[in-house]
Every structure is written in C-alpha cells, then in structure tokens.
file structure_7.pdb (PDB, C-alpha atoms)
ATOM      1  CA  MET J   1      15.052  10.254  -6.460  1.00  0.00           C
ATOM      2  CA  TYR J   2      14.047   6.926  -4.951  1.00  0.00           C
ATOM      3  CA  SER J   3      15.844   5.433  -1.999  1.00  0.00           C
ATOM      4  CA  SER J   4      17.873   2.381  -2.982  1.00  0.00           C
ATOM      5  CA  GLU J   5      15.422   0.139  -1.087  1.00  0.00           C
ATOM      6  CA  LEU J   6      12.408   1.537  -2.940  1.00  0.00           C
ATOM      7  CA  LYS J   7      14.193   1.391  -6.291  1.00  0.00           C
ATOM      8  CA  GLN J   8      14.949  -2.287  -5.698  1.00  0.00           C
ATOM      9  CA  ALA J   9      11.259  -2.985  -4.928  1.00  0.00           C
ATOM     10  CA  VAL J  10      10.015  -1.032  -7.975  1.00  0.00           C
ATOM     11  CA  ASP J  11      12.526  -2.861 -10.185  1.00  0.00           C
ATOM     12  CA  ARG J  12      11.223  -6.191  -8.841  1.00  0.00           C
ATOM     13  CA  ILE J  13       7.622  -5.176  -9.650  1.00  0.00           C
ATOM     14  CA  ARG J  14       8.707  -4.358 -13.219  1.00  0.00           C
ATOM     15  CA  ASP J  15      10.946  -7.392 -13.674  1.00  0.00           C
ATOM     16  CA  LEU J  16       8.307  -9.793 -12.334  1.00  0.00           C
ATOM     17  CA  ARG J  17       5.635  -8.128 -14.477  1.00  0.00           C
ATOM     18  CA  LEU J  18       3.376  -7.458 -11.540  1.00  0.00           C
ATOM     19  CA  CYS J  19       2.028  -4.423 -13.356  1.00  0.00           C
ATOM     20  CA  SER J  20       1.060  -4.060 -16.968  1.00  0.00           C
ATOM     21  CA  PRO J  21       3.701  -2.277 -19.082  1.00  0.00           C
ATOM     22  CA  LYS J  22       0.981  -0.101 -20.610  1.00  0.00           C
ATOM     23  CA  GLU J  23      -0.063   1.010 -17.117  1.00  0.00           C
ATOM     24  CA  GLU J  24       3.448   1.805 -15.993  1.00  0.00           C
ATOM     25  CA  GLY J  25       4.470   5.350 -16.671  1.00  0.00           C
ATOM     26  CA  ARG J  26       1.179   7.045 -15.921  1.00  0.00           C
ATOM     27  CA  VAL J  27       3.224   9.146 -13.558  1.00  0.00           C
ATOM     28  CA  TYR J  28       1.547  11.438 -11.074  1.00  0.00           C
ATOM     29  CA  GLY J  29       3.042  14.903 -11.011  1.00  0.00           C
ATOM     30  CA  PRO J  30       3.709  16.679  -7.726  1.00  0.00           C
ATOM     31  CA  GLU J  31       0.288  18.357  -7.742  1.00  0.00           C
ATOM     32  CA  ARG J  32      -1.630  15.083  -8.103  1.00  0.00           C
ATOM     33  CA  VAL J  33       0.455  13.409  -5.395  1.00  0.00           C
ATOM     34  CA  LYS J  34      -0.131  16.422  -3.168  1.00  0.00           C
ATOM     35  CA  ALA J  35      -3.896  16.081  -3.734  1.00  0.00           C
ATOM     36  CA  VAL J  36      -3.808  12.402  -2.744  1.00  0.00           C
ATOM     37  CA  LEU J  37      -1.843  13.236   0.393  1.00  0.00           C
ATOM     38  CA  GLY J  38      -4.197  16.113   1.209  1.00  0.00           C
ATOM     39  CA  ARG J  39      -7.263  13.883   1.268  1.00  0.00           C
ATOM     40  CA  GLN J  40      -5.947  12.211   4.430  1.00  0.00           C
ATOM     41  CA  SER J  41      -4.904  14.709   7.040  1.00  0.00           C
ATOM     42  CA  GLY J  42      -4.064  12.211   9.799  1.00  0.00           C
ATOM     43  CA  CYS J  43      -0.337  12.253   9.128  1.00  0.00           C
ATOM     44  CA  ARG J  44       2.188  12.591   6.349  1.00  0.00           C
ATOM     45  CA  PRO J  45       3.382   9.199   5.077  1.00  0.00           C
ATOM     46  CA  PRO J  46       7.095   8.374   4.746  1.00  0.00           C
ATOM     47  CA  ARG J  47       9.031   9.646   1.726  1.00  0.00           C
ATOM     48  CA  ASP J  48       9.278   6.186   0.105  1.00  0.00           C
ATOM     49  CA  TYR J  49       5.491   5.973  -0.065  1.00  0.00           C
ATOM     50  CA  VAL J  50       5.257   9.448  -1.629  1.00  0.00           C
ATOM     51  CA  ASP J  51       7.912   8.464  -4.174  1.00  0.00           C
ATOM     52  CA  TYR J  52       6.077   5.209  -4.873  1.00  0.00           C
ATOM     53  CA  LEU J  53       2.855   7.150  -5.567  1.00  0.00           C
ATOM     54  CA  THR J  54       4.732   9.272  -8.080  1.00  0.00           C
ATOM     55  CA  TRP J  55       5.988   6.142  -9.853  1.00  0.00           C
ATOM     56  CA  ALA J  56       2.756   4.161  -9.580  1.00  0.00           C
ATOM     57  CA  GLY J  57       0.400   6.879 -10.754  1.00  0.00           C
ATOM     58  CA  ASP J  58      -2.774   5.188 -11.987  1.00  0.00           C
ATOM     59  CA  THR J  59      -1.114   1.762 -12.133  1.00  0.00           C
ATOM     60  CA  ARG J  60      -3.240  -1.053 -10.817  1.00  0.00           C
ATOM     61  CA  ALA J  61      -0.304  -3.254  -9.883  1.00  0.00           C
ATOM     62  CA  VAL J  62      -1.977  -5.963  -7.868  1.00  0.00           C
ATOM     63  CA  LEU J  63       0.274  -7.422  -5.230  1.00  0.00           C
ATOM     64  CA  TYR J  64      -1.094 -10.256  -3.107  1.00  0.00           C
ATOM     65  CA  GLY J  65      -4.729  -9.297  -3.346  1.00  0.00           C
ATOM     66  CA  MET J  66      -4.266  -5.564  -2.952  1.00  0.00           C
ATOM     67  CA  SER J  67      -3.541  -2.642  -5.174  1.00  0.00           C
ATOM     68  CA  LEU J  68      -1.194   0.077  -4.004  1.00  0.00           C
ATOM     69  CA  SER J  69      -2.316   3.051  -6.033  1.00  0.00           C
ATOM     70  CA  PRO J  70      -3.452   6.564  -5.158  1.00  0.00           C
ATOM     71  CA  ARG J  71      -7.062   5.431  -5.639  1.00  0.00           C
ATOM     72  CA  GLU J  72      -6.471   2.615  -3.179  1.00  0.00           C
ATOM     73  CA  ALA J  73      -5.413   5.084  -0.481  1.00  0.00           C
ATOM     74  CA  ASP J  74      -8.821   6.761  -0.746  1.00  0.00           C
ATOM     75  CA  SER J  75     -10.611   3.415  -0.581  1.00  0.00           C
ATOM     76  CA  ALA J  76      -8.523   2.322   2.422  1.00  0.00           C
ATOM     77  CA  ARG J  77      -9.464   5.481   4.309  1.00  0.00           C
ATOM     78  CA  GLU J  78     -13.160   4.827   3.632  1.00  0.00           C
ATOM     79  CA  THR J  79     -12.810   1.235   4.869  1.00  0.00           C
ATOM     80  CA  ALA J  80     -11.038   2.436   8.028  1.00  0.00           C
ATOM     81  CA  GLU J  81     -13.878   4.884   8.685  1.00  0.00           C
ATOM     82  CA  GLU J  82     -16.358   1.992   8.432  1.00  0.00           C
ATOM     83  CA  LEU J  83     -14.271  -0.178  10.791  1.00  0.00           C
ATOM     84  CA  GLU J  84     -13.535   2.579  13.306  1.00  0.00           C
ATOM     85  CA  GLY J  85     -16.661   2.133  15.441  1.00  0.00           C
ATOM     86  CA  ASP J  86     -15.768  -1.466  16.259  1.00  0.00           C
ATOM     87  CA  ALA J  87     -12.008  -0.951  16.368  1.00  0.00           C
ATOM     88  CA  PRO J  88     -10.651   0.890  19.408  1.00  0.00           C
ATOM     89  CA  ALA J  89      -7.097   0.283  18.132  1.00  0.00           C
ATOM     90  CA  LEU J  90      -7.855   2.188  14.923  1.00  0.00           C
ATOM     91  CA  ASP J  91      -7.260   5.915  15.571  1.00  0.00           C
ATOM     92  CA  LEU J  92      -8.094   7.670  12.296  1.00  0.00           C
ATOM     93  CA  GLY J  93      -6.698  11.017  13.432  1.00  0.00           C
ATOM     94  CA  ASP J  94      -3.114   9.894  13.478  1.00  0.00           C
ATOM     95  CA  ARG J  95      -2.960   7.455  10.537  1.00  0.00           C
ATOM     96  CA  PHE J  96      -2.434   7.509   6.768  1.00  0.00           C
ATOM     97  CA  PHE J  97      -4.201   4.557   5.121  1.00  0.00           C
ATOM     98  CA  ILE J  98      -2.583   2.998   2.061  1.00  0.00           C
ATOM     99  CA  ALA J  99      -4.482  -0.193   1.230  1.00  0.00           C
ATOM    100  CA  GLU J 100      -7.433  -2.343   2.166  1.00  0.00           C
ATOM    101  CA  HIS J 101      -8.600  -5.873   1.463  1.00  0.00           C
ATOM    102  CA  GLN J 102     -12.271  -6.775   1.023  1.00  0.00           C
ATOM    103  CA  GLY J 103     -13.424  -4.286   3.636  1.00  0.00           C
ATOM    104  CA  TYR J 104     -11.977  -6.022   6.687  1.00  0.00           C
ATOM    105  CA  ILE J 105      -8.207  -5.352   6.571  1.00  0.00           C
ATOM    106  CA  VAL J 106      -6.448  -1.990   6.310  1.00  0.00           C
ATOM    107  CA  TRP J 107      -2.755  -1.135   6.087  1.00  0.00           C
ATOM    108  CA  TYR J 108      -1.442   2.228   7.235  1.00  0.00           C
ATOM    109  CA  PHE J 109       1.312   4.441   8.613  1.00  0.00           C
ATOM    110  CA  LYS J 110       1.273   6.150  12.002  1.00  0.00           C
ATOM    111  CA  ARG J 111       2.439   9.719  12.510  1.00  0.00           C
ATOM    112  CA  GLY J 112       6.241   9.878  12.739  1.00  0.00           C
ATOM    113  CA  ASP J 113       6.741   6.140  12.194  1.00  0.00           C
ATOM    114  CA  PRO J 114       7.990   4.603   8.909  1.00  0.00           C
ATOM    115  CA  ALA J 115       6.598   1.135   9.778  1.00  0.00           C
ATOM    116  CA  VAL J 116       3.555  -0.273   7.979  1.00  0.00           C
ATOM    117  CA  TYR J 117       0.775  -1.440  10.283  1.00  0.00           C
ATOM    118  CA  ARG J 118      -2.197  -3.705   9.657  1.00  0.00           C
ATOM    119  CA  TYR J 119      -5.534  -3.817  11.360  1.00  0.00           C
ATOM    120  CA  MET J 120      -7.901  -6.715  10.681  1.00  0.00           C
ATOM    121  CA  GLU J 121     -11.532  -6.604  11.738  1.00  0.00           C
ATOM    122  CA  GLY J 122     -12.035  -8.645  14.880  1.00  0.00           C
ATOM    123  CA  ASP J 123      -8.428  -8.426  16.042  1.00  0.00           C
ATOM    124  CA  PRO J 124      -7.976  -6.744  19.430  1.00  0.00           C
ATOM    125  CA  ALA J 125      -4.918  -4.813  18.257  1.00  0.00           C
ATOM    126  CA  GLU J 126      -2.987  -3.681  15.222  1.00  0.00           C
ATOM    127  CA  SER J 127       0.225  -5.377  14.118  1.00  0.00           C
ATOM    128  CA  VAL J 128       3.448  -4.212  12.495  1.00  0.00           C
ATOM    129  CA  VAL J 129       3.813  -5.790   9.044  1.00  0.00           C
ATOM    130  CA  ALA J 130       7.128  -4.219   8.025  1.00  0.00           C
ATOM    131  CA  ASP J 131       9.611  -1.695   9.379  1.00  0.00           C
ATOM    132  CA  SER J 132       9.386   0.460   6.228  1.00  0.00           C
ATOM    133  CA  PHE J 133       7.290   0.849   3.095  1.00  0.00           C
ATOM    134  CA  ALA J 134      10.062  -0.642   0.922  1.00  0.00           C
ATOM    135  CA  ASP J 135      10.193  -3.692   3.215  1.00  0.00           C
ATOM    136  CA  PHE J 136       6.390  -3.930   2.983  1.00  0.00           C
ATOM    137  CA  LEU J 137       6.600  -3.940  -0.819  1.00  0.00           C
ATOM    138  CA  HIS J 138       9.101  -6.804  -0.714  1.00  0.00           C
ATOM    139  CA  VAL J 139       6.827  -8.815   1.598  1.00  0.00           C
ATOM    140  CA  ILE J 140       3.807  -8.460  -0.674  1.00  0.00           C
ATOM    141  CA  ILE J 141       5.880  -8.976  -3.840  1.00  0.00           C
ATOM    142  CA  ASP J 142       7.095 -12.282  -2.382  1.00  0.00           C
ATOM    143  CA  ARG J 143       3.509 -13.280  -1.632  1.00  0.00           C
ATOM    144  CA  ALA J 144       2.374 -12.288  -5.133  1.00  0.00           C
ATOM    145  CA  VAL J 145       5.146 -14.396  -6.663  1.00  0.00           C
ATOM    146  CA  GLU J 146       4.185 -17.374  -4.486  1.00  0.00           C
ATOM    147  CA  ASN J 147       0.498 -16.978  -5.414  1.00  0.00           C
ATOM    148  CA  ARG J 148       1.442 -16.861  -9.096  1.00  0.00           C
ATOM    149  CA  ARG J 149       3.567 -20.008  -8.733  1.00  0.00           C
ATOM    150  CA  MET J 150       0.768 -21.887  -6.969  1.00  0.00           C
ATOM    151  CA  HIS J 151      -1.757 -20.801  -9.584  1.00  0.00           C
ATOM    152  CA  GLU J 152       0.519 -21.978 -12.394  1.00  0.00           C
ATOM    153  CA  GLU J 153       0.974 -25.366 -10.688  1.00  0.00           C
ATOM    154  CA  ARG J 154      -2.792 -25.813 -10.304  1.00  0.00           C
ATOM    155  CA  THR J 155      -3.496 -24.930 -13.934  1.00  0.00           C
ATOM    156  CA  ARG J 156      -0.886 -27.223 -15.490  1.00  0.00           C
TER     157      ARG J 156
END
call {"tool": "encode", "arguments": {"input": "structure_7.pdb", "output": "structure tokens"}}
result
Amino acid sequence: MYSSELKQAVDRIRDLRLCSPKEEGRVYGPERVKAVLGRQSGCRPPRDYVDYLTWAGDTRAVLYGMSLSPREADSARETAEELEGDAPALDLGDRFFIAEHQGYIVWYFKRGDPAVYRYMEGDPAESVVADSFADFLHVIIDRAVENRRMHEERTR
C-alpha cells in the first residue's frame, strides 16, 4: 500500500502521461525488487522508494532528464563509483543511489534518512534536494511539466 504522498505523485505521473501506458503495469514482484535492493548494500532506501520500484517496474518514465527505474539505480551506482575518487563527499558505503544524469550528477539516500541528496561532479559538497522521495518526485514532475510546456511553445 502506497503512502498518500507517493500515491499522489504516481497519480500525477499517470495523469500527466509522463510514462507510456503500455509501459505502466510491468510490475516488479517482491523478489525482483529485493534483487534490485540487494545490488546496493550501502543502506536500505525508504519505503516510498521501494513501493515506487514495485509500481514502476521496467517503466522508463523520464522525468526531467532522468529515469527512475530499477535499471537506473544500477546505473547510478556505477556512476557514483566512477565519481568517488574525486568526490570526498560521496561515501558509497552508506548510500543507496537512485538516479544519475549524464555521468556527472547522482541522486541518493543516506542510511536512516528519508531525504534525497544530490552530488554533482565538481561541487565541494552534496545537497538535499527533497525531504522525502515523494517530495522529490513532485519536484522532478514539476520540472518535467515545465520542460514539456517550453518545448511545446518552441515548436508552435
């Protein structure tokens, strides 16, 4: 059962057609979600993220230049490993990576903290993007909607 905040975000993704209807519904069962979570042993992500993975499955819902799918979590971890040598703020042992952008930005959770953090290559420190995963979804949904609006204006 989704939290009310996550349900609201998932409903917005559906209503705004930020994922293809044919992609929606490729639900991950508990075993597949468990496998995704097991590939990153740094920490266990918050429940809303686990529930989102179950809903998202193989969906490639692209929100503001990133995809938040189980495959993306694996890619984000790989990007973080590449950035780690030049990023003292990026402690891989205590993080769960959820998304990346073009190899220089990663988003993640820290152990015991529901906030979503971002590290960008070249920055001296990480930053908090949202207090929870559901809040993070709303932030990137808003950006995706704005990008769509701007694209539609340019192509008129």
call {"tool": "atom_distance", "arguments": {"input": "structure_7.pdb", "atom1": "atom CA of Glu100 of chain J", "atom2": "atom CA of Ala76 of chain J"}}
result
4.8 Å
call {"tool": "atom_distance", "arguments": {"input": "structure_7.pdb", "atom1": "atom CA of Phe96 of chain J", "atom2": "atom CA of Leu53 of chain J"}}
result
13.4 Å
call {"tool": "resolve_selection", "arguments": {"input": "structure_7.pdb", "expression": "the PyMOL selection byres ((chain J and resi 109-115) around 7)", "output": "list of chain:residue names"}}
result
J:Cys43, J:Arg44, J:Pro45, J:Pro46, J:Asp94, J:Arg95, J:Phe96, J:Phe97, J:Tyr108, J:Val116, J:Tyr117, J:Val128, J:Ala130, J:Asp131, J:Ser132, J:Phe133
call {"tool": "write_last_selection", "arguments": {"input": "structure_7.pdb", "atoms": "C-alpha atoms", "output": "PDB file, keeping the file's coordinate frame"}}
result
ATOM      1  CA  CYS J  43      -0.337  12.253   9.128  1.00  0.00           C
ATOM      2  CA  ARG J  44       2.188  12.591   6.349  1.00  0.00           C
ATOM      3  CA  PRO J  45       3.382   9.199   5.077  1.00  0.00           C
ATOM      4  CA  PRO J  46       7.095   8.374   4.746  1.00  0.00           C
ATOM      5  CA  ASP J  94      -3.114   9.894  13.478  1.00  0.00           C
ATOM      6  CA  ARG J  95      -2.960   7.455  10.537  1.00  0.00           C
ATOM      7  CA  PHE J  96      -2.434   7.509   6.768  1.00  0.00           C
ATOM      8  CA  PHE J  97      -4.201   4.557   5.121  1.00  0.00           C
ATOM      9  CA  TYR J 108      -1.442   2.228   7.235  1.00  0.00           C
ATOM     10  CA  VAL J 116       3.555  -0.273   7.979  1.00  0.00           C
ATOM     11  CA  TYR J 117       0.775  -1.440  10.283  1.00  0.00           C
ATOM     12  CA  VAL J 128       3.448  -4.212  12.495  1.00  0.00           C
ATOM     13  CA  ALA J 130       7.128  -4.219   8.025  1.00  0.00           C
ATOM     14  CA  ASP J 131       9.611  -1.695   9.379  1.00  0.00           C
ATOM     15  CA  SER J 132       9.386   0.460   6.228  1.00  0.00           C
ATOM     16  CA  PHE J 133       7.290   0.849   3.095  1.00  0.00           C
TER      17      PHE J 133
END
call {"tool": "residues_near_point", "arguments": {"input": "structure_7.pdb", "point": "(12.0, 0.7, -7.0)", "cutoff": "12 Å", "atoms": "only C-alpha atoms", "output": "list of chain:residue names"}}
result
J:Met1, J:Tyr2, J:Ser3, J:Ser4, J:Glu5, J:Leu6, J:Lys7, J:Gln8, J:Ala9, J:Val10, J:Asp11, J:Arg12, J:Ile13, J:Arg14, J:Asp15, J:Asp48, J:Tyr49, J:Asp51, J:Tyr52, J:Leu53, J:Thr54, J:Trp55, J:Ala56, J:Phe133, J:Ala134, J:Asp135, J:Leu137, J:His138, J:Ile141
call {"tool": "atom_distance", "arguments": {"input": "structure_7.pdb", "atom1": "atom CA of Ala73 of chain J", "atom2": "atom CA of Val36 of chain J"}}
result
7.8 Å
call {"tool": "residues_near_point", "arguments": {"input": "structure_7.pdb", "point": "(3.0, -12.0, -11.4)", "cutoff": "6 Å", "atoms": "all atoms listed in the file", "output": "MDAnalysis selection string"}}
result
chainID J and resid 16:18 145 148
call {"tool": "axis_aligned_box", "arguments": {"input": "structure_7.pdb", "around": "segment 3-14 of chain J", "padding_each_side": "3 Å", "output": "JSON"}}
result
{"center_x": 12.7, "center_y": -0.4, "center_z": -7.2, "size_x": 16.3, "size_y": 17.6, "size_z": 18.1}
call {"tool": "resolve_selection", "arguments": {"input": "structure_7.pdb", "expression": "the PyMOL selection byres ((chain J and resi 80) around 8)", "output": "JSON, numbers by chain"}}
result
{"J": [76, 77, 78, 79, 81, 82, 83, 84, 90, 92, 97, 106]}
call {"tool": "build_atoms", "arguments": {"input": "structure_7.pdb", "residues": "segment 73-92 of chain J", "atoms": "N, CA and C atoms", "output": "PDB file, keeping the file's coordinate frame"}}
result
ATOM      1  N   ALA J  73      -5.540   4.341  -1.738  1.00  0.00           N
ATOM      2  CA  ALA J  73      -5.413   5.084  -0.481  1.00  0.00           C
ATOM      3  C   ALA J  73      -6.759   5.676  -0.083  1.00  0.00           C
ATOM      4  N   ASP J  74      -7.496   6.209  -1.042  1.00  0.00           N
ATOM      5  CA  ASP J  74      -8.821   6.761  -0.746  1.00  0.00           C
ATOM      6  C   ASP J  74      -9.766   5.665  -0.276  1.00  0.00           C
ATOM      7  N   SER J  75      -9.751   4.536  -0.942  1.00  0.00           N
ATOM      8  CA  SER J  75     -10.611   3.415  -0.581  1.00  0.00           C
ATOM      9  C   SER J  75     -10.257   2.880   0.808  1.00  0.00           C
ATOM     10  N   ALA J  76      -8.973   2.816   1.122  1.00  0.00           N
ATOM     11  CA  ALA J  76      -8.523   2.322   2.422  1.00  0.00           C
ATOM     12  C   ALA J  76      -9.011   3.237   3.535  1.00  0.00           C
ATOM     13  N   ARG J  77      -8.972   4.527   3.300  1.00  0.00           N
ATOM     14  CA  ARG J  77      -9.464   5.481   4.309  1.00  0.00           C
ATOM     15  C   ARG J  77     -10.955   5.259   4.555  1.00  0.00           C
ATOM     16  N   GLU J  78     -11.717   5.068   3.494  1.00  0.00           N
ATOM     17  CA  GLU J  78     -13.160   4.827   3.632  1.00  0.00           C
ATOM     18  C   GLU J  78     -13.416   3.540   4.422  1.00  0.00           C
ATOM     19  N   THR J  79     -12.655   2.496   4.135  1.00  0.00           N
ATOM     20  CA  THR J  79     -12.810   1.235   4.869  1.00  0.00           C
ATOM     21  C   THR J  79     -12.486   1.437   6.341  1.00  0.00           C
ATOM     22  N   ALA J  80     -11.412   2.173   6.633  1.00  0.00           N
ATOM     23  CA  ALA J  80     -11.038   2.436   8.028  1.00  0.00           C
ATOM     24  C   ALA J  80     -12.149   3.195   8.751  1.00  0.00           C
ATOM     25  N   GLU J  81     -12.777   4.137   8.070  1.00  0.00           N
ATOM     26  CA  GLU J  81     -13.878   4.884   8.685  1.00  0.00           C
ATOM     27  C   GLU J  81     -15.039   3.945   9.031  1.00  0.00           C
ATOM     28  N   GLU J  82     -15.298   2.962   8.165  1.00  0.00           N
ATOM     29  CA  GLU J  82     -16.358   1.992   8.432  1.00  0.00           C
ATOM     30  C   GLU J  82     -15.992   1.071   9.599  1.00  0.00           C
ATOM     31  N   LEU J  83     -14.715   0.723   9.724  1.00  0.00           N
ATOM     32  CA  LEU J  83     -14.271  -0.178  10.791  1.00  0.00           C
ATOM     33  C   LEU J  83     -14.101   0.531  12.129  1.00  0.00           C
ATOM     34  N   GLU J  84     -13.934   1.828  12.113  1.00  0.00           N
ATOM     35  CA  GLU J  84     -13.535   2.579  13.306  1.00  0.00           C
ATOM     36  C   GLU J  84     -14.449   2.345  14.512  1.00  0.00           C
ATOM     37  N   GLY J  85     -15.747   2.287  14.320  1.00  0.00           N
ATOM     38  CA  GLY J  85     -16.661   2.133  15.441  1.00  0.00           C
ATOM     39  C   GLY J  85     -16.429   0.867  16.250  1.00  0.00           C
ATOM     40  N   ASP J  86     -16.000  -0.190  15.587  1.00  0.00           N
ATOM     41  CA  ASP J  86     -15.768  -1.466  16.259  1.00  0.00           C
ATOM     42  C   ASP J  86     -14.290  -1.731  16.507  1.00  0.00           C
ATOM     43  N   ALA J  87     -13.456  -0.735  16.299  1.00  0.00           N
ATOM     44  CA  ALA J  87     -12.008  -0.951  16.368  1.00  0.00           C
ATOM     45  C   ALA J  87     -11.328   0.109  17.229  1.00  0.00           C
ATOM     46  N   PRO J  88     -11.296  -0.106  18.544  1.00  0.00           N
ATOM     47  CA  PRO J  88     -10.651   0.890  19.408  1.00  0.00           C
ATOM     48  C   PRO J  88      -9.181   1.119  19.073  1.00  0.00           C
ATOM     49  N   ALA J  89      -8.514   0.136  18.471  1.00  0.00           N
ATOM     50  CA  ALA J  89      -7.097   0.283  18.132  1.00  0.00           C
ATOM     51  C   ALA J  89      -6.891   1.171  16.907  1.00  0.00           C
ATOM     52  N   LEU J  90      -7.957   1.479  16.196  1.00  0.00           N
ATOM     53  CA  LEU J  90      -7.855   2.188  14.923  1.00  0.00           C
ATOM     54  C   LEU J  90      -8.161   3.668  15.120  1.00  0.00           C
ATOM     55  N   ASP J  91      -7.115   4.472  15.367  1.00  0.00           N
ATOM     56  CA  ASP J  91      -7.260   5.915  15.571  1.00  0.00           C
ATOM     57  C   ASP J  91      -7.077   6.614  14.232  1.00  0.00           C
ATOM     58  N   LEU J  92      -8.168   7.064  13.629  1.00  0.00           N
ATOM     59  CA  LEU J  92      -8.094   7.670  12.296  1.00  0.00           C
ATOM     60  C   LEU J  92      -7.326   8.986  12.287  1.00  0.00           C
TER      61      LEU J  92
END
